[in-house]
file my_file.csv (CSV, C-alpha atoms)
chain,number,residue,atom,x,y,z
A,1,MET,CA,48.6,182.1,45.1
A,2,ASN,CA,48.2,183.0,48.8
A,3,PRO,CA,46.2,180.2,50.5
A,4,PHE,CA,44.7,182.7,53.0
A,5,THR,CA,43.6,185.1,50.3
A,6,PHE,CA,42.2,182.2,48.3
A,7,LEU,CA,40.2,180.9,51.4
A,8,THR,CA,38.8,184.3,52.3
A,9,GLN,CA,37.8,185.1,48.7
A,10,MET,CA,36.2,181.6,48.4
A,11,LEU,CA,34.1,182.2,51.5
A,12,ARG,CA,32.9,185.6,50.3
A,13,ILE,CA,31.9,184.0,47.0
A,14,ALA,CA,30.2,181.1,48.7
A,15,ILE,CA,27.8,183.1,50.9
A,16,PRO,CA,25.1,183.8,48.3
A,17,TYR,CA,25.2,180.2,47.3
A,18,LEU,CA,24.9,179.1,50.9
A,19,PHE,CA,21.9,181.2,51.5
A,20,ALA,CA,20.2,180.2,48.3
A,21,ALA,CA,21.0,176.5,48.5
A,22,SER,CA,19.6,176.4,52.1
A,23,GLY,CA,16.4,178.0,50.7
A,24,GLY,CA,16.3,175.3,48.0
A,25,VAL,CA,16.7,172.5,50.4
A,26,ILE,CA,13.9,173.5,52.7
A,27,ALA,CA,11.5,174.1,49.8
A,28,GLU,CA,12.3,170.8,48.0
A,29,ARG,CA,12.2,168.8,51.2
A,30,ALA,CA,8.6,170.0,51.5
A,31,GLY,CA,7.9,168.9,47.9
A,32,ILE,CA,8.2,172.2,46.0
A,33,ILE,CA,10.7,172.4,43.2
A,34,SER,CA,13.1,175.4,43.9
A,35,LEU,CA,13.8,176.5,40.3
A,36,ALA,CA,12.9,180.1,41.2
A,37,LEU,CA,15.9,180.7,43.5
A,38,GLU,CA,17.4,183.0,40.9
A,39,GLY,CA,14.3,185.2,41.0
A,40,PHE,CA,14.2,185.2,44.8
A,41,MET,CA,17.9,186.3,45.0
A,42,LEU,CA,17.4,189.1,42.4
A,43,THR,CA,14.3,190.4,44.2
A,44,GLY,CA,16.1,190.4,47.5
A,45,ALA,CA,19.1,192.3,46.1
A,46,PHE,CA,16.9,195.0,44.5
A,47,THR,CA,14.6,195.6,47.5
A,48,ALA,CA,17.7,195.7,49.8
A,49,THR,CA,19.2,198.3,47.6
A,50,LEU,CA,16.0,200.3,47.6
A,51,GLY,CA,15.7,200.2,51.4
A,52,ALA,CA,19.4,201.0,52.0
A,53,TYR,CA,19.4,203.9,49.5
A,54,TYR,CA,16.3,205.7,50.6
A,55,THR,CA,16.8,205.3,54.3
A,56,GLY,CA,20.6,205.3,54.5
A,57,SER,CA,20.4,202.3,56.9
A,58,VAL,CA,22.1,199.1,56.0
A,59,TRP,CA,19.9,197.1,58.4
A,60,ILE,CA,16.7,198.5,56.9
A,61,GLY,CA,18.1,197.4,53.6
A,62,VAL,CA,18.6,193.9,55.0
A,63,LEU,CA,15.0,193.9,56.3
A,64,CYS,CA,13.7,195.1,52.9
A,65,GLY,CA,15.6,192.4,51.2
A,66,ILE,CA,14.1,189.8,53.5
A,67,LEU,CA,10.6,191.2,52.8
A,68,GLY,CA,11.2,191.2,49.1
A,69,GLY,CA,12.4,187.6,49.1
A,70,LEU,CA,9.4,186.7,51.3
A,71,ALA,CA,6.9,188.4,49.0
A,72,ILE,CA,8.1,186.7,45.8
A,73,GLY,CA,8.4,183.4,47.7
A,74,LEU,CA,4.7,183.7,48.6
A,75,ILE,CA,3.8,184.4,45.0
A,76,HIS,CA,5.6,181.2,44.1
A,77,ALA,CA,3.8,179.3,46.9
A,78,VAL,CA,0.3,180.6,45.9
A,79,ALA,CA,0.8,179.6,42.3
A,80,THR,CA,2.2,176.1,43.1
A,81,ILE,CA,0.2,175.2,46.2
A,82,ARG,CA,-3.1,177.1,45.9
A,83,PHE,CA,-3.5,176.9,42.1
A,84,ARG,CA,-1.5,173.8,41.6
A,85,ALA,CA,0.4,175.2,38.6
A,86,ASP,CA,3.3,173.2,37.1
A,87,GLN,CA,6.2,174.0,39.4
A,88,VAL,CA,8.9,174.0,36.7
A,89,VAL,CA,6.8,176.5,34.6
A,90,VAL,CA,6.1,178.7,37.7
A,91,GLY,CA,9.8,178.7,38.6
A,92,ILE,CA,10.8,179.9,35.1
A,93,ALA,CA,8.1,182.5,35.2
A,94,ILE,CA,9.2,183.8,38.6
A,95,ASN,CA,12.7,184.2,37.3
A,96,LEU,CA,11.5,186.1,34.2
A,97,LEU,CA,9.2,188.2,36.4
A,98,ALA,CA,12.0,189.1,38.7
A,99,ILE,CA,14.2,190.2,35.8
A,100,GLY,CA,11.4,192.4,34.3
A,101,VAL,CA,10.2,193.9,37.5
A,102,THR,CA,13.6,194.8,38.9
A,103,ARG,CA,14.6,196.3,35.5
A,104,PHE,CA,11.4,198.4,35.4
A,105,PHE,CA,11.7,199.7,39.0
A,106,LEU,CA,15.5,200.3,38.5
A,107,LYS,CA,14.6,202.7,35.7
A,108,LEU,CA,11.7,204.2,37.8
A,109,ALA,CA,13.6,204.6,41.0
A,110,PHE,CA,17.1,205.5,39.8
A,111,ASP,CA,16.5,206.6,36.2
A,112,SER,CA,19.0,204.0,35.0
A,113,SER,CA,18.6,200.7,33.0
A,114,SER,CA,21.9,199.2,34.2
A,115,ASN,CA,22.6,200.0,37.9
A,116,SER,CA,21.6,201.9,41.0
A,117,PRO,CA,23.6,204.6,42.7
A,118,ARG,CA,26.2,203.5,45.3
A,119,ILE,CA,24.8,202.4,48.6
A,120,SER,CA,26.5,201.9,52.0
A,121,GLY,CA,27.3,198.4,53.1
A,122,PHE,CA,28.7,197.0,56.3
A,123,THR,CA,31.8,198.9,57.3
A,124,ALA,CA,34.9,196.8,56.7
A,125,ARG,CA,37.8,197.1,59.1
A,126,GLN,CA,41.3,197.2,57.8
A,127,GLY,CA,42.6,193.6,57.4
A,128,ALA,CA,39.3,192.0,58.4
A,129,PHE,CA,38.8,190.5,54.9
A,130,GLY,CA,35.0,190.7,55.2
A,131,PHE,CA,34.8,188.7,58.4
A,132,ASP,CA,33.3,191.7,60.2
A,133,ASN,CA,30.2,191.4,57.9
A,134,PRO,CA,27.4,189.8,59.9
A,135,LEU,CA,25.8,188.5,56.8
A,136,LEU,CA,28.9,186.4,56.2
A,137,TRP,CA,28.6,184.7,59.5
A,138,MET,CA,24.8,184.3,59.0
A,139,GLY,CA,25.6,182.6,55.7
A,140,LEU,CA,28.1,180.2,57.2
A,141,LEU,CA,25.7,179.3,60.0
A,142,THR,CA,22.7,178.8,57.8
A,143,ALA,CA,23.4,175.1,56.9
A,144,PRO,CA,23.9,173.8,60.4
A,145,VAL,CA,20.9,175.7,61.7
A,146,LEU,CA,18.8,174.4,58.9
A,147,ALA,CA,20.1,170.9,59.6
A,148,PHE,CA,19.0,171.2,63.2
A,149,LEU,CA,15.6,172.6,62.1
A,150,LEU,CA,15.0,169.7,59.7
A,151,TYR,CA,16.3,166.8,61.8
A,152,ARG,CA,15.7,167.9,65.4
A,153,THR,CA,12.4,169.8,65.5
A,154,ARG,CA,8.8,169.0,65.0
A,155,PHE,CA,8.5,171.5,62.1
A,156,GLY,CA,11.4,169.8,60.3
A,157,LEU,CA,9.8,166.4,60.8
A,158,ARG,CA,6.6,167.7,59.2
A,159,VAL,CA,8.5,169.3,56.3
A,160,ARG,CA,10.1,166.0,55.6
A,161,ALA,CA,6.8,164.1,56.0
A,162,VAL,CA,4.9,166.3,53.5
A,163,GLY,CA,7.8,166.1,51.0
A,164,GLU,CA,7.9,162.3,51.2
A,165,HIS,CA,4.2,161.2,51.6
A,166,PRO,CA,1.7,164.1,51.9
A,167,GLU,CA,-1.3,161.8,52.1
A,168,ALA,CA,0.1,159.9,55.1
A,169,ALA,CA,1.1,163.2,56.7
A,170,GLU,CA,-2.5,164.6,56.2
A,171,SER,CA,-4.0,161.4,57.7
A,172,VAL,CA,-2.2,162.1,61.0
A,173,GLY,CA,-3.4,165.7,61.2
A,174,ILE,CA,-0.6,167.6,59.6
A,175,ARG,CA,-1.8,170.6,57.6
A,176,VAL,CA,0.2,169.9,54.4
A,177,LYS,CA,-0.5,173.2,52.6
A,178,ALA,CA,0.4,175.2,55.7
A,179,VAL,CA,3.7,173.4,56.1
A,180,ARG,CA,4.5,173.9,52.4
A,181,TYR,CA,3.6,177.6,52.5
A,182,ALA,CA,5.9,178.0,55.5
A,183,ALA,CA,8.8,176.1,53.7
A,184,VAL,CA,8.5,178.1,50.5
A,185,ALA,CA,8.3,181.4,52.5
A,186,LEU,CA,11.4,180.5,54.4
A,187,SER,CA,13.0,179.6,51.0
A,188,GLY,CA,12.2,183.1,49.7
A,189,ILE,CA,13.7,184.7,52.8
A,190,LEU,CA,16.9,182.7,52.7
A,191,ALA,CA,17.5,183.1,48.9
A,192,GLY,CA,16.6,186.8,49.3
A,193,LEU,CA,19.4,187.1,51.9
A,194,GLY,CA,21.7,185.7,49.3
A,195,GLY,CA,20.8,188.6,47.0
A,196,VAL,CA,21.0,191.1,49.9
A,197,TYR,CA,24.6,190.0,50.5
A,198,LEU,CA,25.5,190.5,46.9
A,199,ALA,CA,24.0,194.0,46.8
A,200,LEU,CA,25.6,195.2,50.0
A,201,ASP,CA,28.9,193.6,49.2
A,202,GLN,CA,29.0,195.3,45.8
A,203,HIS,CA,27.5,198.5,47.2
A,204,GLN,CA,24.9,198.7,44.4
A,205,PHE,CA,22.4,196.8,42.4
A,206,THR,CA,23.1,196.0,38.7
A,207,ASP,CA,20.7,194.6,36.2
A,208,GLN,CA,20.7,190.7,36.5
A,209,MET,CA,23.5,190.9,39.1
A,210,THR,CA,22.8,187.4,40.4
A,211,ALA,CA,24.2,186.1,37.0
A,212,GLY,CA,23.0,182.5,37.3
A,213,ARG,CA,23.9,182.0,41.0
A,214,GLY,CA,20.4,180.7,41.8
A,215,PHE,CA,20.8,178.0,39.2
A,216,ILE,CA,24.2,177.0,40.7
A,217,ALA,CA,22.4,176.8,44.1
A,218,VAL,CA,19.8,174.5,42.6
A,219,ALA,CA,22.7,172.3,41.3
A,220,ALA,CA,24.2,172.4,44.9
A,221,VAL,CA,20.9,171.2,46.3
A,222,ILE,CA,20.9,168.2,44.0
A,223,PHE,CA,24.6,167.5,44.4
A,224,GLY,CA,24.1,167.6,48.2
A,225,ARG,CA,21.2,165.2,47.9
A,226,TRP,CA,18.7,167.5,49.6
A,227,ASP,CA,20.8,167.6,52.8
A,228,PRO,CA,21.7,171.1,54.1
A,229,VAL,CA,25.2,170.3,55.2
A,230,ARG,CA,26.1,168.4,52.0
A,231,ALA,CA,24.5,171.2,49.9
A,232,ALA,CA,26.7,173.7,51.8
A,233,LEU,CA,29.8,171.6,51.0
A,234,ALA,CA,28.8,171.6,47.3
A,235,CYS,CA,28.5,175.4,47.5
A,236,LEU,CA,32.0,175.7,48.9
A,237,LEU,CA,33.2,173.5,46.1
A,238,PHE,CA,31.6,175.6,43.4
A,239,ALA,CA,32.9,178.8,45.2
A,240,ALA,CA,36.4,177.3,45.1
A,241,ALA,CA,36.1,176.7,41.4
A,242,GLU,CA,35.0,180.3,40.9
A,243,THR,CA,37.8,181.6,43.0
A,244,LEU,CA,40.3,179.5,41.0
A,245,GLN,CA,38.8,181.1,37.9
A,246,ILE,CA,39.4,184.6,39.2
A,247,GLN,CA,42.9,183.8,40.4
A,248,LEU,CA,43.8,182.4,37.0
A,249,GLN,CA,42.5,185.4,35.1
A,250,GLY,CA,45.4,186.9,33.1
A,251,ASN,CA,47.3,183.6,33.1
A,252,GLN,CA,49.0,183.4,29.7
A,253,ILE,CA,49.4,179.6,29.8
A,254,ILE,CA,45.7,178.6,29.9
A,255,ALA,CA,43.2,180.1,27.4
A,256,SER,CA,40.8,182.6,29.1
A,257,GLN,CA,37.8,180.9,27.6
A,258,PHE,CA,38.7,177.7,29.3
A,259,ILE,CA,39.3,179.4,32.6
A,260,GLU,CA,35.8,181.0,32.5
A,261,MET,CA,34.3,177.6,31.9
A,262,ILE,CA,35.7,176.1,35.1
A,263,PRO,CA,32.8,176.6,37.5
A,264,TYR,CA,30.2,175.5,34.9
A,265,LEU,CA,32.2,172.5,33.9
A,266,LEU,CA,32.5,171.5,37.5
A,267,THR,CA,28.8,171.9,37.9
A,268,ILE,CA,28.0,169.7,34.9
A,269,ILE,CA,30.6,167.0,36.0
A,270,ALA,CA,29.3,167.0,39.5
A,271,LEU,CA,25.7,166.6,38.5
A,272,ALA,CA,26.5,164.0,35.9
A,273,GLY,CA,28.3,161.9,38.5
A,274,VAL,CA,25.8,162.3,41.3
A,275,VAL,CA,22.3,162.9,39.8
A,276,GLY,CA,21.9,159.3,38.7
A,277,ARG,CA,22.4,158.0,42.3
A,278,ALA,CA,20.6,160.9,44.1
A,279,VAL,CA,17.0,160.2,45.3
A,280,PRO,CA,14.9,163.3,45.6
A,281,PRO,CA,12.0,163.6,48.1
A,282,ALA,CA,9.2,161.3,46.8
A,283,ALA,CA,6.5,164.0,46.5
A,284,LEU,CA,8.8,166.6,44.9
A,285,GLY,CA,6.8,168.4,42.2
A,286,LYS,CA,3.6,166.6,42.9
A,287,THR,CA,1.4,169.1,44.6
A,288,GLY,CA,-1.0,169.0,41.5
A,289,GLN,CA,-2.0,165.5,42.3
call {"tool": "encode", "arguments": {"input": "my_file.csv", "output": "structure tokens"}}
result
Amino acid sequence: MNPFTFLTQMLRIAIPYLFAASGGVIAERAGIISLALEGFMLTGAFTATLGAYYTGSVWIGVLCGILGGLAIGLIHAVATIRFRADQVVVGIAINLLAIGVTRFFLKLAFDSSSNSPRISGFTARQGAFGFDNPLLWMGLLTAPVLAFLLYRTRFGLRVRAVGEHPEAAESVGIRVKAVRYAAVALSGILAGLGGVYLALDQHQFTDQMTAGRGFIAVAAVIFGRWDPVRAALACLLFAAAETLQIQLQGNQIIASQFIEMIPYLLTIIALAGVVGRAVPPAALGKTGQ
């Protein structure tokens, strides 16, 4: 097993997780449960494919993916903040909605129920191993930028305040709903970029192509104790497990069924060992009160 190949493959696998987990951290620090990350990613992947296919421009595809993530993020925000719906139920509904809507428009736009035609992605130079993809660098920088935003800016202070004690924040003039809308919108954009990376890296959209990555990102948020850098490290750990699974494919010594279980086993073990000690934001999931 070549260590450099392992590292580059791990980084490429980690990028969607890094985007989505950062989106989860910002939403949950504002008090909104981020169970809808899977739906955000799937929507971003599909709208990016639509934009790239019909315009022939990769960057317009990226922009469409961002707008798609933003749109479904705002739907989530309106349901949970304006109408105070149960955040877990809304998250599940958003995920199911994204699956149904993307499948419907996949058939409508491309006359296929399984995948889109091939689209162009970022041109890869020989030997660059994906490092010439700007989305890869954006994904790697997401966690430190978000950490700066949360801990070094006024907006970050307000996000943390409304996630811990919204009544106290409101008493000093912070517009709690506006801050939460902004946090969930940013969450939709970031998770949507995770889907954009997937679609452009694979040069097409396939039905349910996120394959549970949004849920792994939720696990990374909890494992990282709602801190962007720790959540990013958790993403790298999960990506390493997935890379190991791929590298061990075809190994005759270990049963393939066990190899396929490695990332999910690691997720369960990590959460079982951490979740008991992790303390979420005090107002997480309490917008209905």
call {"tool": "atom_distance", "arguments": {"input": "my_file.csv", "atom1": "CA of Ile92 (chain A)", "atom2": "CA of Thr43 (chain A)"}}
result
14.3 Å
call {"tool": "closest_residue", "arguments": {"input": "my_file.csv", "among": "A:Leu67, A:Asn2, A:Met138, A:Ile99", "to": "Tyr197 (chain A)", "atoms": "all atoms listed in the file"}}
result
A:Met138
call {"tool": "residues_near_point", "arguments": {"input": "my_file.csv", "point": "(21.5, 199.4, 39.8)", "cutoff": "6 Å", "atoms": "only C-alpha atoms", "output": "PDB file with C-alpha atoms, in the coordinates of the input"}}
result
ATOM      1  CA  SER A 114      21.900 199.200  34.200  1.00  0.00           C
ATOM      2  CA  ASN A 115      22.600 200.000  37.900  1.00  0.00           C
ATOM      3  CA  SER A 116      21.600 201.900  41.000  1.00  0.00           C
ATOM      4  CA  GLN A 204      24.900 198.700  44.400  1.00  0.00           C
ATOM      5  CA  PHE A 205      22.400 196.800  42.400  1.00  0.00           C
ATOM      6  CA  THR A 206      23.100 196.000  38.700  1.00  0.00           C
TER       7      THR A 206
END
call {"tool": "residues_around", "arguments": {"input": "my_file.csv", "residues": "region 281-283 of chain A", "least_positions_apart": "3", "cutoff": "12 Å", "atoms": "all atoms listed in the file", "output": "ChimeraX atom specification"}}
result
/A:25-33,159-169,176,180,221-222,225-227,278,286-289
call {"tool": "write_last_selection", "arguments": {"input": "my_file.csv", "atoms": "C-alpha atoms", "output": "tab-separated table (two decimals), keeping the file's coordinate frame"}}
result
chain	number	residue	atom	x	y	z
A	25	VAL	CA	16.70	172.50	50.40
A	26	ILE	CA	13.90	173.50	52.70
A	27	ALA	CA	11.50	174.10	49.80
A	28	GLU	CA	12.30	170.80	48.00
A	29	ARG	CA	12.20	168.80	51.20
A	30	ALA	CA	8.60	170.00	51.50
A	31	GLY	CA	7.90	168.90	47.90
A	32	ILE	CA	8.20	172.20	46.00
A	33	ILE	CA	10.70	172.40	43.20
A	159	VAL	CA	8.50	169.30	56.30
A	160	ARG	CA	10.10	166.00	55.60
A	161	ALA	CA	6.80	164.10	56.00
A	162	VAL	CA	4.90	166.30	53.50
A	163	GLY	CA	7.80	166.10	51.00
A	164	GLU	CA	7.90	162.30	51.20
A	165	HIS	CA	4.20	161.20	51.60
A	166	PRO	CA	1.70	164.10	51.90
A	167	GLU	CA	-1.30	161.80	52.10
A	168	ALA	CA	0.10	159.90	55.10
A	169	ALA	CA	1.10	163.20	56.70
A	176	VAL	CA	0.20	169.90	54.40
A	180	ARG	CA	4.50	173.90	52.40
A	221	VAL	CA	20.90	171.20	46.30
A	222	ILE	CA	20.90	168.20	44.00
A	225	ARG	CA	21.20	165.20	47.90
A	226	TRP	CA	18.70	167.50	49.60
A	227	ASP	CA	20.80	167.60	52.80
A	278	ALA	CA	20.60	160.90	44.10
A	286	LYS	CA	3.60	166.60	42.90
A	287	THR	CA	1.40	169.10	44.60
A	288	GLY	CA	-1.00	169.00	41.50
A	289	GLN	CA	-2.00	165.50	42.30
call {"tool": "residues_near_point", "arguments": {"input": "my_file.csv", "point": "(33.8, 181.5, 45.4)", "cutoff": "8 Å", "atoms": "only C-alpha atoms", "output": "PDB file with C-alpha atoms, in the frame of the given file"}}
result
ATOM      1  CA  GLN A   9      37.800 185.100  48.700  1.00  0.00           C
ATOM      2  CA  MET A  10      36.200 181.600  48.400  1.00  0.00           C
ATOM      3  CA  LEU A  11      34.100 182.200  51.500  1.00  0.00           C
ATOM      4  CA  ARG A  12      32.900 185.600  50.300  1.00  0.00           C
ATOM      5  CA  ILE A  13      31.900 184.000  47.000  1.00  0.00           C
ATOM      6  CA  ALA A  14      30.200 181.100  48.700  1.00  0.00           C
ATOM      7  CA  LEU A 236      32.000 175.700  48.900  1.00  0.00           C
ATOM      8  CA  PHE A 238      31.600 175.600  43.400  1.00  0.00           C
ATOM      9  CA  ALA A 239      32.900 178.800  45.200  1.00  0.00           C
ATOM     10  CA  ALA A 240      36.400 177.300  45.100  1.00  0.00           C
ATOM     11  CA  ALA A 241      36.100 176.700  41.400  1.00  0.00           C
ATOM     12  CA  GLU A 242      35.000 180.300  40.900  1.00  0.00           C
ATOM     13  CA  THR A 243      37.800 181.600  43.000  1.00  0.00           C
TER      14      THR A 243
END
call {"tool": "closest_residue", "arguments": {"input": "my_file.csv", "among": "A:Gly188, A:Pro134, A:Pro3, A:Gly121", "to": "Ala71 (chain A)", "atoms": "only C-alpha atoms"}}
result
A:Gly188
call {"tool": "atom_distance", "arguments": {"input": "my_file.csv", "atom1": "CA of Ala48 (chain A)", "atom2": "CA of Tyr17 (chain A)"}}
result
17.4 Å
call {"tool": "closest_residue", "arguments": {"input": "my_file.csv", "among": "A:Gly173, A:Pro263, A:Pro144, A:Gly69", "to": "Gly39 (chain A)", "atoms": "only C-alpha atoms"}}
result
A:Gly69
call {"tool": "closest_residue", "arguments": {"input": "my_file.csv", "among": "A:Leu135, A:Leu284, A:Ala143, A:Leu237", "to": "Gly195 (chain A)", "atoms": "all atoms listed in the file"}}
result
A:Leu135
call {"tool": "atom_distance", "arguments": {"input": "my_file.csv", "atom1": "CA of Gly285 (chain A)", "atom2": "CA of Arg230 (chain A)"}}
result
21.6 Å
call {"tool": "residues_around", "arguments": {"input": "my_file.csv", "residues": "Ala21 (chain A)", "least_positions_apart": "4", "cutoff": "9 Å", "atoms": "only C-alpha atoms", "output": "list in words"}}
result
Pro16, Tyr17, Val25, Ile26, Leu37, Ala143, Ser187, Leu190, Ala191, Gly214, Ile216, Ala217, Val218, Ala219, Ala220, Val221, Pro228, Ala231, Ala232 and Cys235 of chain A
call {"tool": "closest_residue", "arguments": {"input": "my_file.csv", "among": "A:Ile66, A:Leu146, A:Leu7, A:Met261", "to": "Ala45 (chain A)", "atoms": "all atoms listed in the file"}}
result
A:Ile66
call {"tool": "closest_residue", "arguments": {"input": "my_file.csv", "among": "A:Gly192, A:Gly56, A:Gly212, A:Gly68", "to": "Ala20 (chain A)", "atoms": "all atoms listed in the file"}}
result
A:Gly192
call {"tool": "residues_around", "arguments": {"input": "my_file.csv", "residues": "Arg118 (chain A)", "least_positions_apart": "4", "cutoff": "12 Å", "atoms": "only C-alpha atoms", "output": "list in words"}}
result
Thr49, Leu50, Ala52, Tyr53, Tyr54, Gly56, Phe110, Ala199, Leu200, Asp201, Gln202, His203, Gln204, Phe205 and Thr206 of chain A
